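Trainee: Let me give you the structure first, and then I'll get to my questions.
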Amino acid sequence: MTTISPDTSIPNALSNWAQTEAAKRWALDNLGRWHWFRPEDPGTPPVFHMLADGPTPVAMGHVNGVVTISVAEADPVLSTTRREALEEPYRTMIGHMRHEIAHMLWWRLSLRTDFLEAFRAVFGDEREDYSAALQRHYSNGPPEDWNQNYLTTYASAHPHEDWAETAAHLLHLTDITDSAVSAGFSLAALPYPDWDPYSEPDAISLIQVAISVVTGVNHINRSMGLADVYPFMISHAAQKKLAFVHEWLRRGAQGR
């Protein structure tokens, strides 16, 4: 799916690209559990442009099925520098992949006749001027009560970013939980042995199990003086948004 690769004469571009491709494949495999971009998916798959930062940074984003990624973000020093500059609690290449592919998923779903009205009822009207919304966000910051309605400050900038952040977090939570189950962890919150998070139809049940898992892993990380693996709070409003994304990602790939 990668049609443009980085200039490998740029220092560290090759090693950064390798890590970026690994993150891409991980994110795509997650979505494949819900049949996205597998042979049974009748829709358009994403195309990736992997670029290395030159004199100016690469602007990551999605346009009409094309996902552009800066492979430089695989460098831990650069990623940490940008995370601190933007006051973000979390920034990884897998996070970037899940976020940008989520924009592509929204584009796919928006081609359906039954999606946009339902989306606007939950996330707001995406026809709001995007550039003006981002400028306002970077100039004024998020609303004071952002954590009552959004998972991240960036999600409060525009409905498109709220969707992408929420979809990325759904993938974070589902895959963290799936990894715990696959590792054989014994958790009181699991509905039953060998439970498959990707097959769970009840989003709220999935989120509750995921919260139990990440709370435990956060405590494990703290015992070693490490950052929380999932440093976010999930409000009631954010749960509703996660449930909406869960419903559409579970059934959207095959047109149901």
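Ligands are numbered from 1 in the order shown, residues from 1 within each chain, and chains are lettered A, B, ... in the order they appear in the structure tokens.
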Could you pull out the helix (DSSP H, G or I) residues of segment 47-114 of chain A, going by DSSP on the backbone, and write them as a count of residues only?

Mentor: 32

Trainee: Nearest residue to Tyr230 of chain A out of A:Tyr90, A:Leu109, A:Trp248, A:Met1, using only C-alpha atoms?

Mentor: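 Smallest distance to Tyr230 of chain A is found for A:Tyr90.
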
Trainee: Contacts of Pro191 of chain A at 10 Å or less, counting only C-alpha atoms, minus same-chain residues fewer than 5 places along, as a list of chain:residue names?

Mentor: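 Listed by chain and then number, they are A:Asp196, A:Pro197, A:Glu200, A:Ser205, A:Leu206, A:Val209.
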
Trainee: With only C-alpha atoms as the counted atoms, please give the residues lying no more than 8 Å from Gln148 of chain A, apart from itself and same-chain residues fewer than 2 positions off, as a short mmCIF file (atom, residue, chain, number, x, y, z; two decimals) with all heavy atoms, in the first residue's frame.

Mentor:
data_model
loop_
_atom_site.label_atom_id
_atom_site.label_comp_id
_atom_site.auth_asym_id
_atom_site.auth_seq_id
_atom_site.Cartn_x
_atom_site.Cartn_y
_atom_site.Cartn_z
N ASP A 145 -13.61 23.05 29.68
CA ASP A 145 -14.22 21.78 30.07
C ASP A 145 -14.04 20.71 29.00
O ASP A 145 -14.85 19.79 28.88
CB ASP A 145 -15.71 21.97 30.35
CG ASP A 145 -16.49 22.45 29.12
OD1 ASP A 145 -15.84 22.88 28.13
OD2 ASP A 145 -17.73 22.40 29.15
N TRP A 146 -12.95 20.78 28.23
CA TRP A 146 -12.77 19.88 27.11
C TRP A 146 -12.82 18.42 27.53
O TRP A 146 -13.33 17.57 26.81
CB TRP A 146 -11.44 20.16 26.40
CG TRP A 146 -10.22 19.84 27.21
CD1 TRP A 146 -9.53 20.70 28.02
CD2 TRP A 146 -9.57 18.57 27.33
NE1 TRP A 146 -8.48 20.04 28.62
CE2 TRP A 146 -8.48 18.74 28.22
CE3 TRP A 146 -9.78 17.31 26.76
CZ2 TRP A 146 -7.63 17.69 28.56
CZ3 TRP A 146 -8.93 16.27 27.10
CH2 TRP A 146 -7.88 16.46 27.98
N TYR A 150 -14.39 15.36 25.31
CA TYR A 150 -13.41 14.88 24.35
C TYR A 150 -12.35 14.04 25.06
O TYR A 150 -12.11 14.19 26.25
CB TYR A 150 -12.72 16.05 23.65
CG TYR A 150 -13.67 17.02 22.99
CD1 TYR A 150 -14.07 18.18 23.65
CD2 TYR A 150 -14.17 16.78 21.71
CE1 TYR A 150 -14.95 19.08 23.05
CE2 TYR A 150 -15.04 17.67 21.11
CZ TYR A 150 -15.44 18.81 21.78
OH TYR A 150 -16.30 19.69 21.18
N SER A 235 -14.62 10.21 29.72
CA SER A 235 -15.86 10.74 30.26
C SER A 235 -17.06 10.00 29.68
O SER A 235 -16.93 9.21 28.73
CB SER A 235 -15.99 12.23 29.92
OG SER A 235 -16.15 12.39 28.51
N HIS A 236 -18.23 10.25 30.23
CA HIS A 236 -19.46 9.62 29.72
C HIS A 236 -19.69 10.01 28.26
O HIS A 236 -20.05 9.17 27.43
CB HIS A 236 -20.66 10.03 30.57
CG HIS A 236 -21.95 9.46 30.11
ND1 HIS A 236 -22.25 8.11 30.19
CD2 HIS A 236 -23.04 10.05 29.53
CE1 HIS A 236 -23.47 7.89 29.70
NE2 HIS A 236 -23.95 9.05 29.29
N ALA A 237 -19.47 11.29 27.94
CA ALA A 237 -19.65 11.75 26.56
C ALA A 237 -18.66 11.08 25.62
O ALA A 237 -19.01 10.69 24.49
CB ALA A 237 -19.50 13.27 26.48
N ALA A 238 -17.42 10.91 26.07
CA ALA A 238 -16.41 10.24 25.25
C ALA A 238 -16.77 8.76 25.05
O ALA A 238 -16.54 8.20 23.97
CB ALA A 238 -15.04 10.37 25.88
#

Trainee: Between A:Glu100, A:Leu151, A:Trp26, A:His158, single out the one closest to Glu128 of chain A, counting only C-alpha atoms.

Mentor: A:His158

Trainee: Considering only C-alpha atoms, can you say which of A:Trp36, A:Phe115, A:Phe48, A:Trp106 comes closest to Ala167 of chain A?

Mentor: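 So, comparing all the options, the nearest one is A:Trp106.
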